[in-house]
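Engineer: Quick one: the structure is below, questions incoming.
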Amino acid sequence: DDYVTKPFRFAVLAARIRAHLRAHEQSEHAVFHIGPYEFRPAQKVLIDARQKKIRLTEKETNILKYLYRAEGRTASREALLAEVWGYDAGVTAHTLETHIYRLRQKIEPPDGDSRILLTEVGGYRLAP
């Protein structure tokens with residue numbers, strides 16, 4: 001339903017593609033794979049191999065979406081705060097760390113090793 005006429009600028013094409021990808025991410029049918037889980041952001045849920053649903057909060061969903069879009073690259077704490085919280089003056093890095101901790105409790109194995117949501121120097125990333 002979106003058409004780009006020739007000749008076109010690459011920047012215009014790239015912007016249209018990004019817009020379509022964002023629309024797909026928000027669609028009811030979007031499913032992404034994160035570690036052993038199916039991630040369904042519109043429903044705020046992760047589904048494991050046994051079809052067990054793990055409910056996510058709005059912030060947890062937004063954190064996972066942002067990290068997924070980073071494609072394995074480290075996302076800085078500042079970028080996550082800006083994207084997920086809009087960098088409200090009342091929000092601190094401790095708030096982000098608390099949400100990451102709670103998210104890990106839901107998705108990481110009970111042995112305490114982080115295998116999916118990894119801490120890197122300056123930020124966080126999802127394991128490939």
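Residues are named by chain letter and number: chains run A, B, ... in the order of the structure tokens, numbers start at 1 in each chain, and ligands are numbered from 1 in the order shown.
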Near Leu13 in chain A, within 10 Å and counting only C-alpha atoms, which residues show up once chain neighbours fewer than 5 positions away are dropped, as a list of chain:residue names?

Structural biologist: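 Everything that qualifies: A:Tyr3, A:Val4, A:Thr5, A:Phe8, A:Arg18, A:Ala19.
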
Engineer: Residues near range 39-46 of chain A, anyone? I mean within 6 Å using only C-alpha atoms, not counting same-chain ones fewer than 2 positions away, as a compact mmCIF listing (two decimals) with N, CA and C atoms, in the first residue's frame.

Structural biologist:
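Once written, around-v4.txt looks like this:
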```txt
# COMPACT_ATOMS: atom_id res chain seq x y z
N GLU A 28 -0.56 -7.19 15.45
CA GLU A 28 -1.01 -8.26 16.32
C GLU A 28 -0.29 -9.57 16.02
N VAL A 31 5.89 -11.77 15.61
CA VAL A 31 6.51 -12.77 16.48
C VAL A 31 8.02 -12.73 16.23
N PHE A 32 8.79 -12.60 17.30
CA PHE A 32 10.23 -12.57 17.21
C PHE A 32 10.79 -13.69 18.08
N HIS A 33 11.96 -14.19 17.74
CA HIS A 33 12.58 -15.24 18.52
C HIS A 33 13.74 -14.66 19.33
N TYR A 37 12.64 -18.48 23.35
CA TYR A 37 11.28 -17.94 23.44
C TYR A 37 10.77 -17.37 22.13
N LYS A 53 3.31 -19.44 28.87
CA LYS A 53 3.35 -18.00 28.64
C LYS A 53 3.97 -17.28 29.83
N ILE A 54 4.86 -16.35 29.52
CA ILE A 54 5.47 -15.50 30.53
C ILE A 54 4.98 -14.09 30.25
N ARG A 55 4.19 -13.56 31.15
CA ARG A 55 3.63 -12.22 30.99
C ARG A 55 4.71 -11.16 31.24
N LEU A 56 4.69 -10.12 30.44
CA LEU A 56 5.65 -9.04 30.56
C LEU A 56 4.92 -7.73 30.85
N THR A 61 8.48 -5.24 27.95
CA THR A 61 8.23 -5.42 26.51
C THR A 61 9.03 -4.41 25.70
```

Engineer: Looking at A:Leu117, A:Ala70, A:Gly123, A:Lys52, which one is nearest to Ala93 in chain A, with distances taken over only C-alpha atoms?

Structural biologist: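 Smallest distance to Ala93 in chain A is found for A:Gly123.
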
Engineer: Out of A:Thr92, A:Ser114, A:Arg9, A:Glu83, which residue has the shortest atom-to-atom distance to Leu64 in chain A when counting only C-alpha atoms?

Structural biologist: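 That would be A:Glu83, the residue with the smallest distance to Leu64 in chain A.
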
Engineer: Could you pull out the strand (DSSP E or B) residues of chain A, going by DSSP on the backbone, and write them as a CSV table (one decimal) with N, CA and C atoms, in the first residue's frame?

Structural biologist:
```csv
chain,number,residue,atom,x,y,z
A,32,PHE,N,8.8,-12.6,17.3
A,32,PHE,CA,10.2,-12.6,17.2
A,32,PHE,C,10.8,-13.7,18.1
A,33,HIS,N,12.0,-14.2,17.7
A,33,HIS,CA,12.6,-15.2,18.5
A,33,HIS,C,13.7,-14.7,19.3
A,34,ILE,N,13.7,-14.8,20.6
A,34,ILE,CA,14.7,-14.4,21.6
A,34,ILE,C,15.1,-15.6,22.4
A,37,TYR,N,12.6,-18.5,23.3
A,37,TYR,CA,11.3,-17.9,23.4
A,37,TYR,C,10.8,-17.4,22.1
A,38,GLU,N,9.4,-17.4,22.0
A,38,GLU,CA,8.7,-16.6,21.0
A,38,GLU,C,8.3,-15.4,21.7
A,39,PHE,N,8.7,-14.2,21.2
A,39,PHE,CA,8.3,-12.9,21.8
A,39,PHE,C,7.2,-12.3,20.9
A,40,ARG,N,6.1,-12.1,21.6
A,40,ARG,CA,4.9,-11.4,21.0
A,40,ARG,C,4.7,-10.1,21.6
A,45,VAL,N,4.0,-10.9,25.8
A,45,VAL,CA,4.2,-12.2,26.3
A,45,VAL,C,5.4,-12.9,25.6
A,46,LEU,N,6.1,-13.7,26.4
A,46,LEU,CA,7.1,-14.7,25.8
A,46,LEU,C,6.5,-16.1,26.0
A,47,ILE,N,6.7,-16.9,25.0
A,47,ILE,CA,6.2,-18.3,25.0
A,47,ILE,C,7.4,-19.2,24.9
A,53,LYS,N,3.3,-19.4,28.9
A,53,LYS,CA,3.3,-18.0,28.6
A,53,LYS,C,4.0,-17.3,29.8
A,54,ILE,N,4.9,-16.4,29.5
A,54,ILE,CA,5.5,-15.5,30.5
A,54,ILE,C,5.0,-14.1,30.2
A,55,ARG,N,4.2,-13.6,31.2
A,55,ARG,CA,3.6,-12.2,31.0
A,55,ARG,C,4.7,-11.2,31.2
A,75,ALA,N,23.3,-2.0,23.6
A,75,ALA,CA,22.5,-0.8,23.8
A,75,ALA,C,22.9,-0.1,25.1
A,76,SER,N,23.2,1.2,25.0
A,76,SER,CA,23.7,1.9,26.2
A,76,SER,C,22.5,2.1,27.1
A,117,LEU,N,19.9,-12.2,28.2
A,117,LEU,CA,20.0,-10.8,28.4
A,117,LEU,C,21.4,-10.5,29.1
A,118,LEU,N,22.3,-10.0,28.3
A,118,LEU,CA,23.7,-9.9,28.7
A,118,LEU,C,24.0,-8.5,29.1
A,119,THR,N,24.8,-8.3,30.2
A,119,THR,CA,25.4,-7.1,30.6
A,119,THR,C,26.7,-6.9,29.9
A,120,GLU,N,26.9,-5.7,29.3
A,120,GLU,CA,28.2,-5.4,28.6
A,120,GLU,C,28.6,-4.1,29.2
A,123,GLY,N,26.2,-1.0,28.9
A,123,GLY,CA,24.8,-1.3,28.5
A,123,GLY,C,24.4,-2.8,28.5
A,124,TYR,N,23.5,-3.1,27.7
A,124,TYR,CA,22.9,-4.5,27.6
A,124,TYR,C,22.7,-4.9,26.2
A,125,ARG,N,22.7,-6.2,26.0
A,125,ARG,CA,22.4,-6.7,24.6
A,125,ARG,C,21.8,-8.1,24.8
A,126,LEU,N,21.1,-8.6,23.7
A,126,LEU,CA,20.6,-9.9,23.7
A,126,LEU,C,21.6,-10.8,23.0
```

Engineer: For CA of Asp113 in chain A and CA of Gly35 in chain A, quote the distance in Å rounded to one decimal.

Structural biologist: 13.8 Å

Engineer: What gap, in Å, lies between CA of Phe10 in chain A and CA of Arg73 in chain A?

Structural biologist: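 Value for the CA of Phe10 in chain A-CA of Arg73 in chain A distance: 24.1 Å.
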
Engineer: Grab the CA of His29 in chain A to CA of Lys65 in chain A distance for me, in Å with one decimal place.

Structural biologist: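 Distance reported for this atom pair: 14.6 Å.
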
Engineer: Please return, as a PyMOL selection string, all residues of chain A that DSSP assigns to helix (DSSP H, G or I) on the basis of the backbone.

Structural biologist: chain A and resi 10-26+41-43+58-69+77-85+93-107

Engineer: Please produce a file of those selected residues containing C-alpha atoms, as a PDB file, in the first residue's frame.

Structural biologist:
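Saved as part_21.pdb:
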```pdb
ATOM      1  CA  PHE A  10      17.869   5.713  -1.135  1.00  0.00           C
ATOM      2  CA  ALA A  11      17.121   7.646   2.052  1.00  0.00           C
ATOM      3  CA  VAL A  12      13.420   7.782   1.102  1.00  0.00           C
ATOM      4  CA  LEU A  13      13.343   4.044   0.406  1.00  0.00           C
ATOM      5  CA  ALA A  14      15.134   3.259   3.677  1.00  0.00           C
ATOM      6  CA  ALA A  15      12.723   5.482   5.631  1.00  0.00           C
ATOM      7  CA  ARG A  16       9.708   3.721   4.073  1.00  0.00           C
ATOM      8  CA  ILE A  17      11.177   0.301   4.872  1.00  0.00           C
ATOM      9  CA  ARG A  18      11.808   1.330   8.499  1.00  0.00           C
ATOM     10  CA  ALA A  19       8.225   2.612   8.741  1.00  0.00           C
ATOM     11  CA  HIS A  20       6.887  -0.723   7.473  1.00  0.00           C
ATOM     12  CA  LEU A  21       9.068  -2.641   9.922  1.00  0.00           C
ATOM     13  CA  ARG A  22       7.827  -0.494  12.804  1.00  0.00           C
ATOM     14  CA  ALA A  23       4.243  -1.101  11.698  1.00  0.00           C
ATOM     15  CA  HIS A  24       4.907  -4.846  11.577  1.00  0.00           C
ATOM     16  CA  GLU A  25       6.445  -4.792  15.073  1.00  0.00           C
ATOM     17  CA  GLN A  26       3.240  -3.235  16.368  1.00  0.00           C
ATOM     18  CA  PRO A  41       5.197  -7.741  21.780  1.00  0.00           C
ATOM     19  CA  ALA A  42       1.586  -6.835  20.958  1.00  0.00           C
ATOM     20  CA  GLN A  43       0.435  -9.343  23.575  1.00  0.00           C
ATOM     21  CA  GLU A  58       4.917  -2.626  29.289  1.00  0.00           C
ATOM     22  CA  LYS A  59       8.462  -1.556  30.221  1.00  0.00           C
ATOM     23  CA  GLU A  60       9.835  -5.106  29.950  1.00  0.00           C
ATOM     24  CA  THR A  61       8.232  -5.423  26.513  1.00  0.00           C
ATOM     25  CA  ASN A  62       9.741  -2.116  25.394  1.00  0.00           C
ATOM     26  CA  ILE A  63      13.187  -3.089  26.708  1.00  0.00           C
ATOM     27  CA  LEU A  64      13.095  -6.375  24.780  1.00  0.00           C
ATOM     28  CA  LYS A  65      11.842  -4.664  21.610  1.00  0.00           C
ATOM     29  CA  TYR A  66      14.652  -2.112  21.757  1.00  0.00           C
ATOM     30  CA  LEU A  67      17.320  -4.753  22.398  1.00  0.00           C
ATOM     31  CA  TYR A  68      15.922  -6.970  19.638  1.00  0.00           C
ATOM     32  CA  ARG A  69      16.092  -4.076  17.147  1.00  0.00           C
ATOM     33  CA  ARG A  77      21.832   2.558  29.392  1.00  0.00           C
ATOM     34  CA  GLU A  78      21.214   6.119  28.223  1.00  0.00           C
ATOM     35  CA  ALA A  79      19.662   4.925  24.954  1.00  0.00           C
ATOM     36  CA  LEU A  80      17.386   2.496  26.803  1.00  0.00           C
ATOM     37  CA  LEU A  81      16.322   5.170  29.279  1.00  0.00           C
ATOM     38  CA  ALA A  82      15.567   7.587  26.437  1.00  0.00           C
ATOM     39  CA  GLU A  83      13.667   5.002  24.376  1.00  0.00           C
ATOM     40  CA  VAL A  84      11.704   3.248  27.111  1.00  0.00           C
ATOM     41  CA  TRP A  85      11.135   6.075  29.596  1.00  0.00           C
ATOM     42  CA  ALA A  93      19.846   4.145  35.849  1.00  0.00           C
ATOM     43  CA  HIS A  94      18.787   2.269  39.000  1.00  0.00           C
ATOM     44  CA  THR A  95      15.236   2.098  37.608  1.00  0.00           C
ATOM     45  CA  LEU A  96      16.552   0.477  34.432  1.00  0.00           C
ATOM     46  CA  GLU A  97      18.711  -1.958  36.416  1.00  0.00           C
ATOM     47  CA  THR A  98      15.687  -2.958  38.513  1.00  0.00           C
ATOM     48  CA  HIS A  99      13.629  -3.679  35.389  1.00  0.00           C
ATOM     49  CA  ILE A 100      16.504  -5.664  33.854  1.00  0.00           C
ATOM     50  CA  TYR A 101      16.818  -7.669  37.082  1.00  0.00           C
ATOM     51  CA  ARG A 102      13.087  -8.507  37.109  1.00  0.00           C
ATOM     52  CA  LEU A 103      13.153  -9.375  33.418  1.00  0.00           C
ATOM     53  CA  ARG A 104      16.086 -11.733  33.988  1.00  0.00           C
ATOM     54  CA  GLN A 105      14.175 -13.443  36.795  1.00  0.00           C
ATOM     55  CA  LYS A 106      11.478 -14.251  34.256  1.00  0.00           C
ATOM     56  CA  ILE A 107      13.605 -15.380  31.301  1.00  0.00           C
TER      57      ILE A 107
END
```

Engineer: Give the answer as one residue: which of A:Gly72, A:Pro7, A:Val91, A:Gly112 has the shortest atom-to-atom distance to Ala127 in chain A, using only C-alpha atoms?

Structural biologist: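 Residue with the minimum atom-to-atom distance to Ala127 in chain A: A:Gly72.
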